[in-house]
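J.: Have a look at this one before I ask anything.
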Amino acid sequence: MHAITIPEPGGPEALVWTEVPDPEPGEGEVLVEVVSSAVNRADLLQRQGFYNPPAGTSPYPGLECAGRIVALGAGVSGWSVGDEVCALLVGGGYAEKVAVPAGQLLPVPKGLDLATAAALPEVTCTVWSNVFMIAHLRPGETFLVHGGSSGIGTMAIQLAKAVGAKVAVTAGTKEKLDFCAELGADILINYREQDFVEEIRENTAGAGADVILDNMGAKYLNRNVDALATSGRLAIIGMQGGVKGELNIATLLGKRGAITATTLRARPLAEKAAVVAAVREHVWPLVEGGHVRPIVDRKLPMSDAAQGHRVLEESGHIGKVLLTNQ
């Protein structure tokens, strides 16, 4: 098969489409013929040499895919050769085939084309696990997501609205904020021109946000705590703004606040399977009912993954960038 390899860390040009050995499905795994994958920020870090895959896993980037099952490993039940699926991956999505633990498979939602389904696994699993399984966002609460026009952000807006929350977003342009508003965002904050802490307080009568989903990390740490409501929950899922920050513990204590930080990639198989099962139970009906949809900025050939990385680095996109083998 062909796959995107990274012979040496570097810029987008470090991604090389080349012939590699076919993967073999192990016990409890299926082999998926990949129709599409998606570009995630973690892929950029892996390309740069900062986020290596766990030992013993695929060396190729790509944390999600959609395709057709072409082989079953030992002990797999509930799935058949020919099934159209999408999947959460530890890596290997930038390829023509990938071996996937059966617990990380999802059926393609009814009414959605196969290639577009690759836009769902990473964002739905990230948002559902952090915002709902960990931070327990409830109807009537105020939810703030940074980077509202990103793949994560566009999904977070829709899911939060679906459960009856008030949604605030940050983004850097009017175009992006307008799109967030179309998805249902109630509070629109241009982080280049406005202070999100002040805007959240002003729009919540001083109360603050009950749940914040943050991709910035260190840069926003103290300001996120300032923006929290009493008993607020801050879920950190990224470090685009750095990895080391100082925290005012007194402020956090005064708000009886909580901070969590998670990644999906390194979680044990059982934990990932539990997240995937929860997404299938709670999110898939919303997708099939038309209440939630994947937002795709563009589709590019898998062999041109470098251009997909450039698009993400330039940050002009809205939603997901997909890579296809079609």
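Letters A, B, ... go to the chains of the structure tokens in the order shown; residues in each chain start at 1; ligands are counted from 1 in the same order.
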Would you mind listing what lies within 8 Å of stretch 131-147 of chain A as a PyMOL selection string, with only C-alpha atoms counted and same-chain residues fewer than 4 positions away left out?

T.: chain A and resi 127+152-153+156-157+160+163-171+204+208-216+233-235

J.: Using only N, CA and C atoms, please write the residues we just selected to a file, as an mmCIF file, in the first residue's frame.

T.:
data_model
loop_
_atom_site.group_PDB
_atom_site.id
_atom_site.type_symbol
_atom_site.label_atom_id
_atom_site.label_comp_id
_atom_site.auth_asym_id
_atom_site.auth_seq_id
_atom_site.Cartn_x
_atom_site.Cartn_y
_atom_site.Cartn_z
ATOM 1 N N VAL A 127 -14.879 16.046 21.991
ATOM 2 C CA VAL A 127 -15.871 16.927 22.601
ATOM 3 C C VAL A 127 -16.736 16.163 23.594
ATOM 4 N N ILE A 152 -12.951 20.981 16.067
ATOM 5 C CA ILE A 152 -13.432 20.773 17.433
ATOM 6 C C ILE A 152 -14.495 21.799 17.785
ATOM 7 N N GLY A 153 -14.215 23.047 17.479
ATOM 8 C CA GLY A 153 -15.129 24.124 17.847
ATOM 9 C C GLY A 153 -16.493 24.006 17.204
ATOM 10 N N ALA A 156 -18.309 21.259 18.902
ATOM 11 C CA ALA A 156 -18.653 21.610 20.283
ATOM 12 C C ALA A 156 -19.852 22.546 20.335
ATOM 13 N N ILE A 157 -19.905 23.518 19.425
ATOM 14 C CA ILE A 157 -21.052 24.427 19.384
ATOM 15 C C ILE A 157 -22.345 23.638 19.204
ATOM 16 N N ALA A 160 -23.246 21.306 22.245
ATOM 17 C CA ALA A 160 -23.665 22.083 23.415
ATOM 18 C C ALA A 160 -25.060 22.659 23.220
ATOM 19 N N VAL A 163 -27.859 20.078 23.712
ATOM 20 C CA VAL A 163 -28.253 19.731 25.077
ATOM 21 C C VAL A 163 -28.833 20.935 25.830
ATOM 22 N N GLY A 164 -28.956 22.068 25.149
ATOM 23 C CA GLY A 164 -29.626 23.209 25.766
ATOM 24 C C GLY A 164 -28.724 24.165 26.513
ATOM 25 N N ALA A 165 -27.435 24.210 26.161
ATOM 26 C CA ALA A 165 -26.516 25.151 26.803
ATOM 27 C C ALA A 165 -26.471 26.470 26.043
ATOM 28 N N LYS A 166 -26.022 27.512 26.726
ATOM 29 C CA LYS A 166 -25.735 28.801 26.093
ATOM 30 C C LYS A 166 -24.276 28.759 25.659
ATOM 31 N N VAL A 167 -23.990 29.088 24.397
ATOM 32 C CA VAL A 167 -22.658 28.856 23.841
ATOM 33 C C VAL A 167 -21.947 30.163 23.510
ATOM 34 N N ALA A 168 -20.713 30.273 24.009
ATOM 35 C CA ALA A 168 -19.827 31.381 23.674
ATOM 36 C C ALA A 168 -18.632 30.834 22.911
ATOM 37 N N VAL A 169 -18.143 31.615 21.958
ATOM 38 C CA VAL A 169 -16.984 31.180 21.165
ATOM 39 C C VAL A 169 -15.992 32.328 21.024
ATOM 40 N N THR A 170 -14.734 31.949 20.841
ATOM 41 C CA THR A 170 -13.731 32.908 20.396
ATOM 42 C C THR A 170 -13.270 32.498 19.004
ATOM 43 N N ALA A 171 -12.975 33.500 18.179
ATOM 44 C CA ALA A 171 -12.401 33.284 16.848
ATOM 45 C C ALA A 171 -11.746 34.594 16.432
ATOM 46 N N THR A 204 -22.997 37.211 30.969
ATOM 47 C CA THR A 204 -23.561 36.263 31.941
ATOM 48 C C THR A 204 -23.896 36.959 33.252
ATOM 49 N N GLY A 208 -19.980 34.183 34.741
ATOM 50 C CA GLY A 208 -18.882 33.437 34.125
ATOM 51 C C GLY A 208 -19.361 32.188 33.407
ATOM 52 N N ALA A 209 -18.420 31.451 32.826
ATOM 53 C CA ALA A 209 -18.722 30.239 32.068
ATOM 54 C C ALA A 209 -18.673 29.018 32.974
ATOM 55 N N ASP A 210 -19.661 28.159 32.842
ATOM 56 C CA ASP A 210 -19.703 26.940 33.653
ATOM 57 C C ASP A 210 -18.702 25.903 33.160
ATOM 58 N N VAL A 211 -18.522 25.833 31.841
ATOM 59 C CA VAL A 211 -17.562 24.909 31.252
ATOM 60 C C VAL A 211 -16.791 25.626 30.153
ATOM 61 N N ILE A 212 -15.470 25.447 30.136
ATOM 62 C CA ILE A 212 -14.620 26.010 29.087
ATOM 63 C C ILE A 212 -13.832 24.876 28.444
ATOM 64 N N LEU A 213 -13.853 24.817 27.121
ATOM 65 C CA LEU A 213 -13.036 23.862 26.365
ATOM 66 C C LEU A 213 -11.907 24.651 25.724
ATOM 67 N N ASP A 214 -10.670 24.321 26.128
ATOM 68 C CA ASP A 214 -9.524 25.159 25.770
ATOM 69 C C ASP A 214 -8.476 24.385 24.984
ATOM 70 N N ASN A 215 -8.058 24.966 23.858
ATOM 71 C CA ASN A 215 -6.996 24.372 23.051
ATOM 72 C C ASN A 215 -5.673 25.130 23.146
ATOM 73 N N MET A 216 -5.641 26.176 23.966
ATOM 74 C CA MET A 216 -4.470 27.041 24.011
ATOM 75 C C MET A 216 -3.460 26.653 25.094
ATOM 76 N N ARG A 233 -15.838 24.371 35.322
ATOM 77 C CA ARG A 233 -14.925 23.302 34.928
ATOM 78 C C ARG A 233 -14.173 23.708 33.665
ATOM 79 N N LEU A 234 -12.846 23.669 33.732
ATOM 80 C CA LEU A 234 -11.982 23.983 32.599
ATOM 81 C C LEU A 234 -11.375 22.698 32.066
ATOM 82 N N ALA A 235 -11.642 22.402 30.791
ATOM 83 C CA ALA A 235 -11.107 21.200 30.145
ATOM 84 C C ALA A 235 -10.068 21.618 29.110
#

J.: Which of stretch 149-295 of chain A end up as strand (DSSP E) when DSSP is run on this backbone - answer as a PDB file with all heavy atoms, in the first residue's frame?

T.:
ATOM      1  N   LYS A 166     -26.022  27.512  26.726  1.00  0.00           N
ATOM      2  CA  LYS A 166     -25.735  28.801  26.093  1.00  0.00           C
ATOM      3  C   LYS A 166     -24.276  28.759  25.659  1.00  0.00           C
ATOM      4  O   LYS A 166     -23.398  28.433  26.464  1.00  0.00           O
ATOM      5  CB  LYS A 166     -25.964  29.941  27.087  1.00  0.00           C
ATOM      6  CG  LYS A 166     -25.732  31.338  26.521  1.00  0.00           C
ATOM      7  CD  LYS A 166     -26.067  32.389  27.582  1.00  0.00           C
ATOM      8  CE  LYS A 166     -25.902  33.801  27.039  1.00  0.00           C
ATOM      9  NZ  LYS A 166     -26.228  34.826  28.068  1.00  0.00           N
ATOM     10  N   VAL A 167     -23.990  29.088  24.397  1.00  0.00           N
ATOM     11  CA  VAL A 167     -22.658  28.856  23.841  1.00  0.00           C
ATOM     12  C   VAL A 167     -21.947  30.163  23.510  1.00  0.00           C
ATOM     13  O   VAL A 167     -22.486  31.032  22.815  1.00  0.00           O
ATOM     14  CB  VAL A 167     -22.735  27.985  22.575  1.00  0.00           C
ATOM     15  CG1 VAL A 167     -21.346  27.812  21.957  1.00  0.00           C
ATOM     16  CG2 VAL A 167     -23.326  26.618  22.917  1.00  0.00           C
ATOM     17  N   ALA A 168     -20.713  30.273  24.009  1.00  0.00           N
ATOM     18  CA  ALA A 168     -19.827  31.381  23.674  1.00  0.00           C
ATOM     19  C   ALA A 168     -18.632  30.834  22.911  1.00  0.00           C
ATOM     20  O   ALA A 168     -18.164  29.724  23.182  1.00  0.00           O
ATOM     21  CB  ALA A 168     -19.350  32.086  24.947  1.00  0.00           C
ATOM     22  N   VAL A 169     -18.143  31.615  21.958  1.00  0.00           N
ATOM     23  CA  VAL A 169     -16.984  31.180  21.165  1.00  0.00           C
ATOM     24  C   VAL A 169     -15.992  32.328  21.024  1.00  0.00           C
ATOM     25  O   VAL A 169     -16.361  33.503  21.061  1.00  0.00           O
ATOM     26  CB  VAL A 169     -17.399  30.713  19.759  1.00  0.00           C
ATOM     27  CG1 VAL A 169     -18.348  29.525  19.820  1.00  0.00           C
ATOM     28  CG2 VAL A 169     -18.016  31.847  18.939  1.00  0.00           C
ATOM     29  N   THR A 170     -14.734  31.949  20.841  1.00  0.00           N
ATOM     30  CA  THR A 170     -13.731  32.908  20.396  1.00  0.00           C
ATOM     31  C   THR A 170     -13.270  32.498  19.004  1.00  0.00           C
ATOM     32  O   THR A 170     -13.200  31.319  18.671  1.00  0.00           O
ATOM     33  CB  THR A 170     -12.504  32.961  21.329  1.00  0.00           C
ATOM     34  OG1 THR A 170     -11.831  31.693  21.314  1.00  0.00           O
ATOM     35  CG2 THR A 170     -12.908  33.303  22.745  1.00  0.00           C
ATOM     36  N   ALA A 171     -12.975  33.500  18.179  1.00  0.00           N
ATOM     37  CA  ALA A 171     -12.401  33.284  16.848  1.00  0.00           C
ATOM     38  C   ALA A 171     -11.746  34.594  16.432  1.00  0.00           C
ATOM     39  O   ALA A 171     -11.969  35.640  17.056  1.00  0.00           O
ATOM     40  CB  ALA A 171     -13.465  32.851  15.845  1.00  0.00           C
ATOM     41  N   ILE A 187     -22.784  33.899  21.988  1.00  0.00           N
ATOM     42  CA  ILE A 187     -21.853  34.963  22.364  1.00  0.00           C
ATOM     43  C   ILE A 187     -20.638  34.857  21.461  1.00  0.00           C
ATOM     44  O   ILE A 187     -19.942  33.835  21.458  1.00  0.00           O
ATOM     45  CB  ILE A 187     -21.426  34.838  23.842  1.00  0.00           C
ATOM     46  CG1 ILE A 187     -22.654  34.851  24.757  1.00  0.00           C
ATOM     47  CG2 ILE A 187     -20.462  35.955  24.223  1.00  0.00           C
ATOM     48  CD1 ILE A 187     -22.348  34.466  26.198  1.00  0.00           C
ATOM     49  N   LEU A 188     -20.383  35.897  20.673  1.00  0.00           N
ATOM     50  CA  LEU A 188     -19.313  35.878  19.679  1.00  0.00           C
ATOM     51  C   LEU A 188     -18.202  36.821  20.111  1.00  0.00           C
ATOM     52  O   LEU A 188     -18.432  38.022  20.302  1.00  0.00           O
ATOM     53  CB  LEU A 188     -19.855  36.296  18.314  1.00  0.00           C
ATOM     54  CG  LEU A 188     -21.119  35.559  17.835  1.00  0.00           C
ATOM     55  CD1 LEU A 188     -21.618  36.160  16.525  1.00  0.00           C
ATOM     56  CD2 LEU A 188     -20.837  34.069  17.688  1.00  0.00           C
ATOM     57  N   ILE A 189     -16.993  36.286  20.263  1.00  0.00           N
ATOM     58  CA  ILE A 189     -15.874  37.072  20.794  1.00  0.00           C
ATOM     59  C   ILE A 189     -14.702  37.027  19.822  1.00  0.00           C
ATOM     60  O   ILE A 189     -14.163  35.952  19.545  1.00  0.00           O
ATOM     61  CB  ILE A 189     -15.426  36.531  22.165  1.00  0.00           C
ATOM     62  CG1 ILE A 189     -16.607  36.481  23.139  1.00  0.00           C
ATOM     63  CG2 ILE A 189     -14.277  37.363  22.723  1.00  0.00           C
ATOM     64  CD1 ILE A 189     -16.317  35.679  24.393  1.00  0.00           C
ATOM     65  N   ASN A 190     -14.332  38.179  19.289  1.00  0.00           N
ATOM     66  CA  ASN A 190     -13.147  38.278  18.442  1.00  0.00           C
ATOM     67  C   ASN A 190     -11.936  38.453  19.352  1.00  0.00           C
ATOM     68  O   ASN A 190     -11.738  39.517  19.939  1.00  0.00           O
ATOM     69  CB  ASN A 190     -13.271  39.457  17.478  1.00  0.00           C
ATOM     70  CG  ASN A 190     -12.131  39.500  16.463  1.00  0.00           C
ATOM     71  OD1 ASN A 190     -10.986  39.154  16.770  1.00  0.00           O
ATOM     72  ND2 ASN A 190     -12.443  39.921  15.250  1.00  0.00           N
ATOM     73  N   ALA A 209     -18.420  31.451  32.826  1.00  0.00           N
ATOM     74  CA  ALA A 209     -18.722  30.239  32.068  1.00  0.00           C
ATOM     75  C   ALA A 209     -18.673  29.018  32.974  1.00  0.00           C
ATOM     76  O   ALA A 209     -17.749  28.858  33.770  1.00  0.00           O
ATOM     77  CB  ALA A 209     -17.727  30.075  30.921  1.00  0.00           C
ATOM     78  N   ASP A 210     -19.661  28.159  32.842  1.00  0.00           N
ATOM     79  CA  ASP A 210     -19.703  26.940  33.653  1.00  0.00           C
ATOM     80  C   ASP A 210     -18.702  25.903  33.160  1.00  0.00           C
ATOM     81  O   ASP A 210     -18.106  25.168  33.959  1.00  0.00           O
ATOM     82  CB  ASP A 210     -21.115  26.352  33.626  1.00  0.00           C
ATOM     83  CG  ASP A 210     -22.135  27.313  34.206  1.00  0.00           C
ATOM     84  OD1 ASP A 210     -22.135  27.498  35.439  1.00  0.00           O
ATOM     85  OD2 ASP A 210     -22.904  27.899  33.417  1.00  0.00           O
ATOM     86  N   VAL A 211     -18.522  25.833  31.841  1.00  0.00           N
ATOM     87  CA  VAL A 211     -17.562  24.909  31.252  1.00  0.00           C
ATOM     88  C   VAL A 211     -16.791  25.626  30.153  1.00  0.00           C
ATOM     89  O   VAL A 211     -17.384  26.352  29.344  1.00  0.00           O
ATOM     90  CB  VAL A 211     -18.253  23.659  30.658  1.00  0.00           C
ATOM     91  CG1 VAL A 211     -17.238  22.761  29.927  1.00  0.00           C
ATOM     92  CG2 VAL A 211     -18.973  22.869  31.746  1.00  0.00           C
ATOM     93  N   ILE A 212     -15.470  25.447  30.136  1.00  0.00           N
ATOM     94  CA  ILE A 212     -14.620  26.010  29.087  1.00  0.00           C
ATOM     95  C   ILE A 212     -13.832  24.876  28.444  1.00  0.00           C
ATOM     96  O   ILE A 212     -13.204  24.072  29.144  1.00  0.00           O
ATOM     97  CB  ILE A 212     -13.646  27.072  29.644  1.00  0.00           C
ATOM     98  CG1 ILE A 212     -14.416  28.242  30.276  1.00  0.00           C
ATOM     99  CG2 ILE A 212     -12.717  27.580  28.540  1.00  0.00           C
ATOM    100  CD1 ILE A 212     -13.522  29.286  30.938  1.00  0.00           C
ATOM    101  N   LEU A 213     -13.853  24.817  27.121  1.00  0.00           N
ATOM    102  CA  LEU A 213     -13.036  23.862  26.365  1.00  0.00           C
ATOM    103  C   LEU A 213     -11.907  24.651  25.724  1.00  0.00           C
ATOM    104  O   LEU A 213     -12.138  25.533  24.891  1.00  0.00           O
ATOM    105  CB  LEU A 213     -13.875  23.158  25.305  1.00  0.00           C
ATOM    106  CG  LEU A 213     -13.172  22.024  24.538  1.00  0.00           C
ATOM    107  CD1 LEU A 213     -12.792  20.872  25.468  1.00  0.00           C
ATOM    108  CD2 LEU A 213     -14.067  21.513  23.396  1.00  0.00           C
ATOM    109  N   ASP A 214     -10.670  24.321  26.128  1.00  0.00           N
ATOM    110  CA  ASP A 214      -9.524  25.159  25.770  1.00  0.00           C
ATOM    111  C   ASP A 214      -8.476  24.385  24.984  1.00  0.00           C
ATOM    112  O   ASP A 214      -8.034  23.315  25.400  1.00  0.00           O
ATOM    113  CB  ASP A 214      -8.874  25.718  27.038  1.00  0.00           C
ATOM    114  CG  ASP A 214      -7.594  26.469  26.723  1.00  0.00           C
ATOM    115  OD1 ASP A 214      -7.667  27.466  25.993  1.00  0.00           O
ATOM    116  OD2 ASP A 214      -6.517  26.046  27.185  1.00  0.00           O
ATOM    117  N   LEU A 228     -14.166  31.538  34.598  1.00  0.00           N
ATOM    118  CA  LEU A 228     -15.026  30.475  35.117  1.00  0.00           C
ATOM    119  C   LEU A 228     -16.076  31.009  36.087  1.00  0.00           C
ATOM    120  O   LEU A 228     -15.829  31.937  36.850  1.00  0.00           O
ATOM    121  CB  LEU A 228     -14.191  29.424  35.861  1.00  0.00           C
ATOM    122  CG  LEU A 228     -13.425  28.377  35.053  1.00  0.00           C
ATOM    123  CD1 LEU A 228     -12.654  27.464  35.997  1.00  0.00           C
ATOM    124  CD2 LEU A 228     -14.358  27.552  34.165  1.00  0.00           C
ATOM    125  N   ALA A 229     -17.210  30.357  36.057  1.00  0.00           N
ATOM    126  CA  ALA A 229     -18.239  30.613  37.067  1.00  0.00           C
ATOM    127  C   ALA A 229     -17.901  29.840  38.340  1.00  0.00           C
ATOM    128  O   ALA A 229     -16.994  29.004  38.354  1.00  0.00           O
ATOM    129  CB  ALA A 229     -19.597  30.155  36.535  1.00  0.00           C
ATOM    130  N   THR A 230     -18.603  30.109  39.412  1.00  0.00           N
ATOM    131  CA  THR A 230     -18.472  29.297  40.616  1.00  0.00           C
ATOM    132  C   THR A 230     -18.805  27.844  40.281  1.00  0.00           C
ATOM    133  O   THR A 230     -19.789  27.567  39.598  1.00  0.00           O
ATOM    134  CB  THR A 230     -19.414  29.810  41.712  1.00  0.00           C
ATOM    135  OG1 THR A 230     -19.080  31.170  42.006  1.00  0.00           O
ATOM    136  CG2 THR A 230     -19.293  28.976  42.966  1.00  0.00           C
ATOM    137  N   SER A 231     -17.953  26.935  40.731  1.00  0.00           N
ATOM    138  CA  SER A 231     -18.060  25.506  40.411  1.00  0.00           C
ATOM    139  C   SER A 231     -17.857  25.231  38.924  1.00  0.00           C
ATOM    140  O   SER A 231     -18.305  24.206  38.401  1.00  0.00           O
ATOM    141  CB  SER A 231     -19.406  24.919  40.864  1.00  0.00           C
ATOM    142  OG  SER A 231     -19.529  25.037  42.266  1.00  0.00           O
ATOM    143  N   GLY A 232     -17.143  26.136  38.243  1.00  0.00           N
ATOM    144  CA  GLY A 232     -16.867  25.959  36.822  1.00  0.00           C
ATOM    145  C   GLY A 232     -15.819  24.897  36.559  1.00  0.00           C
ATOM    146  O   GLY A 232     -15.021  24.557  37.427  1.00  0.00           O
ATOM    147  N   ARG A 233     -15.838  24.371  35.322  1.00  0.00           N
ATOM    148  CA  ARG A 233     -14.925  23.302  34.928  1.00  0.00           C
ATOM    149  C   ARG A 233     -14.173  23.708  33.665  1.00  0.00           C
ATOM    150  O   ARG A 233     -14.801  24.038  32.645  1.00  0.00           O
ATOM    151  CB  ARG A 233     -15.702  22.006  34.680  1.00  0.00           C
ATOM    152  CG  ARG A 233     -16.319  21.389  35.925  1.00  0.00           C
ATOM    153  CD  ARG A 233     -17.694  21.972  36.252  1.00  0.00           C
ATOM    154  NE  ARG A 233     -18.737  21.506  35.341  1.00  0.00           N
ATOM    155  CZ  ARG A 233     -19.928  22.079  35.245  1.00  0.00           C
ATOM    156  NH1 ARG A 233     -20.238  23.158  35.990  1.00  0.00           N
ATOM    157  NH2 ARG A 233     -20.838  21.593  34.408  1.00  0.00           N
ATOM    158  N   LEU A 234     -12.846  23.669  33.732  1.00  0.00           N
ATOM    159  CA  LEU A 234     -11.982  23.983  32.599  1.00  0.00           C
ATOM    160  C   LEU A 234     -11.375  22.698  32.066  1.00  0.00           C
ATOM    161  O   LEU A 234     -10.691  21.982  32.798  1.00  0.00           O
ATOM    162  CB  LEU A 234     -10.876  24.950  33.029  1.00  0.00           C
ATOM    163  CG  LEU A 234      -9.692  25.152  32.069  1.00  0.00           C
ATOM    164  CD1 LEU A 234     -10.168  25.732  30.741  1.00  0.00           C
ATOM    165  CD2 LEU A 234      -8.637  26.059  32.708  1.00  0.00           C
ATOM    166  N   ALA A 235     -11.642  22.402  30.791  1.00  0.00           N
ATOM    167  CA  ALA A 235     -11.107  21.200  30.145  1.00  0.00           C
ATOM    168  C   ALA A 235     -10.068  21.618  29.110  1.00  0.00           C
ATOM    169  O   ALA A 235     -10.400  22.273  28.122  1.00  0.00           O
ATOM    170  CB  ALA A 235     -12.227  20.405  29.482  1.00  0.00           C
ATOM    171  N   ILE A 236      -8.824  21.240  29.352  1.00  0.00           N
ATOM    172  CA  ILE A 236      -7.725  21.608  28.459  1.00  0.00           C
ATOM    173  C   ILE A 236      -7.430  20.434  27.528  1.00  0.00           C
ATOM    174  O   ILE A 236      -7.174  19.320  27.980  1.00  0.00           O
ATOM    175  CB  ILE A 236      -6.474  21.984  29.255  1.00  0.00           C
ATOM    176  CG1 ILE A 236      -6.759  23.171  30.181  1.00  0.00           C
ATOM    177  CG2 ILE A 236      -5.322  22.324  28.310  1.00  0.00           C
ATOM    178  CD1 ILE A 236      -5.620  23.507  31.131  1.00  0.00           C
ATOM    179  N   ALA A 258     -12.562  23.409  38.805  1.00  0.00           N
ATOM    180  CA  ALA A 258     -11.843  22.182  38.483  1.00  0.00           C
ATOM    181  C   ALA A 258     -11.165  22.336  37.129  1.00  0.00           C
ATOM    182  O   ALA A 258     -11.727  22.935  36.204  1.00  0.00           O
ATOM    183  CB  ALA A 258     -12.796  20.992  38.452  1.00  0.00           C
ATOM    184  N   ILE A 259      -9.957  21.796  37.026  1.00  0.00           N
ATOM    185  CA  ILE A 259      -9.218  21.797  35.758  1.00  0.00           C
ATOM    186  C   ILE A 259      -8.875  20.358  35.396  1.00  0.00           C
ATOM    187  O   ILE A 259      -8.339  19.612  36.223  1.00  0.00           O
ATOM    188  CB  ILE A 259      -7.925  22.624  35.853  1.00  0.00           C
ATOM    189  CG1 ILE A 259      -8.232  24.075  36.205  1.00  0.00           C
ATOM    190  CG2 ILE A 259      -7.149  22.554  34.536  1.00  0.00           C
ATOM    191  CD1 ILE A 259      -7.000  24.933  36.419  1.00  0.00           C
ATOM    192  N   THR A 260      -9.187  19.969  34.178  1.00  0.00           N
ATOM    193  CA  THR A 260      -8.783  18.659  33.680  1.00  0.00           C
ATOM    194  C   THR A 260      -8.008  18.847  32.385  1.00  0.00           C
ATOM    195  O   THR A 260      -8.182  19.847  31.686  1.00  0.00           O
ATOM    196  CB  THR A 260      -9.994  17.746  33.409  1.00  0.00           C
ATOM    197  OG1 THR A 260     -10.842  18.362  32.431  1.00  0.00           O
ATOM    198  CG2 THR A 260     -10.780  17.503  34.679  1.00  0.00           C
ATOM    199  N   ALA A 261      -7.171  17.889  32.075  1.00  0.00           N
ATOM    200  CA  ALA A 261      -6.404  17.919  30.827  1.00  0.00           C
ATOM    201  C   ALA A 261      -6.327  16.494  30.292  1.00  0.00           C
ATOM    202  O   ALA A 261      -5.942  15.579  31.018  1.00  0.00           O
ATOM    203  CB  ALA A 261      -5.004  18.470  31.071  1.00  0.00           C
TER     204      ALA A 261
END

J.: For the interface of stretch 27-114 of chain A with stretch 314-326 of chain A (cut-off 6 Å, counting only C-alpha atoms), please tabulate each contacting residue of stretch 27-114 of chain A alongside its nearest pair of atoms and their separation in Å to one decimal, rows sorted by chain and increasing number, as a tab-separated table.

T.:
residue	atom	partner	partner_atom	distance
A:Val35	CA	A:Asn325	CA	5.2
A:Ser36	CA	A:Thr324	CA	4.1
A:Ser37	CA	A:Leu323	CA	5.1
A:Ala38	CA	A:Leu322	CA	4.2
A:Val39	CA	A:Val321	CA	5.7

J.: Let's have the selection written as a CSV table (one decimal), in the first residue's frame, with all heavy atoms.

T.:
chain,number,residue,atom,x,y,z
A,35,VAL,N,-10.8,5.3,2.8
A,35,VAL,CA,-11.4,6.2,1.8
A,35,VAL,C,-10.9,7.6,2.1
A,35,VAL,O,-10.6,8.4,1.2
A,35,VAL,CB,-12.9,6.1,1.7
A,35,VAL,CG1,-13.5,7.2,0.8
A,35,VAL,CG2,-13.3,4.7,1.1
A,36,SER,N,-10.9,8.0,3.3
A,36,SER,CA,-10.6,9.4,3.7
A,36,SER,C,-10.0,9.4,5.1
A,36,SER,O,-10.3,8.5,5.9
A,36,SER,CB,-11.8,10.3,3.6
A,36,SER,OG,-12.8,9.9,4.4
A,37,SER,N,-9.2,10.4,5.4
A,37,SER,CA,-8.7,10.7,6.7
A,37,SER,C,-8.9,12.2,6.9
A,37,SER,O,-9.5,12.9,6.1
A,37,SER,CB,-7.3,10.3,6.9
A,37,SER,OG,-6.8,10.4,8.2
A,38,ALA,N,-8.4,12.7,8.0
A,38,ALA,CA,-8.6,14.1,8.3
A,38,ALA,C,-7.3,14.7,9.0
A,38,ALA,O,-6.5,13.9,9.6
A,38,ALA,CB,-9.7,14.4,9.2
A,39,VAL,N,-7.0,16.0,8.8
A,39,VAL,CA,-5.8,16.6,9.3
A,39,VAL,C,-6.2,17.2,10.7
A,39,VAL,O,-7.2,17.9,10.8
A,39,VAL,CB,-5.3,17.7,8.4
A,39,VAL,CG1,-4.1,18.3,9.0
A,39,VAL,CG2,-5.1,17.2,7.0

J.: Could you name the residues that touch A:Pro268 at 12 Å or less, counting only C-alpha atoms, but leaving out those on the same chain fewer than 5 positions away, as a short mmCIF file (atom, residue, chain, number, x, y, z; two decimals) with N, CA and C atoms, in the first residue's frame?

T.:
data_model
loop_
_atom_site.label_atom_id
_atom_site.label_comp_id
_atom_site.auth_asym_id
_atom_site.auth_seq_id
_atom_site.Cartn_x
_atom_site.Cartn_y
_atom_site.Cartn_z
N PRO A 54 2.57 6.28 20.17
CA PRO A 54 2.96 5.32 21.20
C PRO A 54 3.73 4.14 20.60
N VAL A 90 -5.09 5.51 16.67
CA VAL A 90 -3.89 5.96 17.37
C VAL A 90 -2.89 6.53 16.38
N PRO A 101 -8.47 -1.27 16.22
CA PRO A 101 -9.16 -2.04 17.25
C PRO A 101 -10.68 -1.95 17.04
N GLY A 103 -13.10 -1.93 18.96
CA GLY A 103 -13.80 -1.04 19.88
C GLY A 103 -13.76 0.42 19.47
N GLN A 104 -12.95 0.76 18.47
CA GLN A 104 -12.83 2.15 18.02
C GLN A 104 -13.53 2.39 16.69
N THR A 263 -5.79 13.79 26.60
CA THR A 263 -5.62 13.48 25.18
C THR A 263 -6.31 12.14 24.95
N ALA A 273 -12.54 2.72 23.83
CA ALA A 273 -13.75 2.00 23.42
C ALA A 273 -14.98 2.54 24.16
N ALA A 274 -14.82 2.90 25.43
CA ALA A 274 -15.93 3.45 26.20
C ALA A 274 -16.36 4.80 25.65
N VAL A 275 -15.40 5.62 25.25
CA VAL A 275 -15.72 6.92 24.66
C VAL A 275 -16.46 6.72 23.34
#

J.: Please, what distance in Å, to one decimal, runs between atom CA of A:Arg265 and atom CA of A:Asn130?

T.: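 Spanning atom CA of A:Arg265 to atom CA of A:Asn130 is a straight-line distance of 13.8 Å.
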
J.: Can you pull out the residues contacting A:Glu84? Cut-off 8 Å, using only C-alpha atoms, and skip same-chain residues under 6 positions away; I want them as a PyMOL selection string.

T.: chain A and resi 66-69+107-108+114

J.: In Å, with one decimal, what is the gap from atom CA of A:Ala270 to atom CA of A:Glu27?

T.: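 Atom CA of A:Glu27 lies at a distance of 14.5 Å from atom CA of A:Ala270.
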
J.: Output as an MDAnalysis selection string all residues of stretch 57-288 of chain A that backbone DSSP marks as helix (DSSP H, G or I).

T.: chainID A and resid 102:104 115:119 121:134 151:162 174:183 196:203 217:227 249:254 269:282 284:288

J.: Considering only C-alpha atoms, return as a ChimeraX atom specification whatever protein or nucleic-acid residues lie within 12 Å of A:Val34, sequence-local ones (same chain, fewer than 5 positions apart) excluded.

T.: /A:1-3,62,64-70,84-87,89,92-100,114-115,117-118,302,323-326

J.: Compile the contact shell of A:Arg223 as a PyMOL selection string: residues with an atom at most 12 Å away, counting only C-alpha atoms, same-chain residues fewer than 2 positions apart removed.

T.: chain A and resi 195-201+208-209+212+214+216-221+225-228+234+245-248+251-252
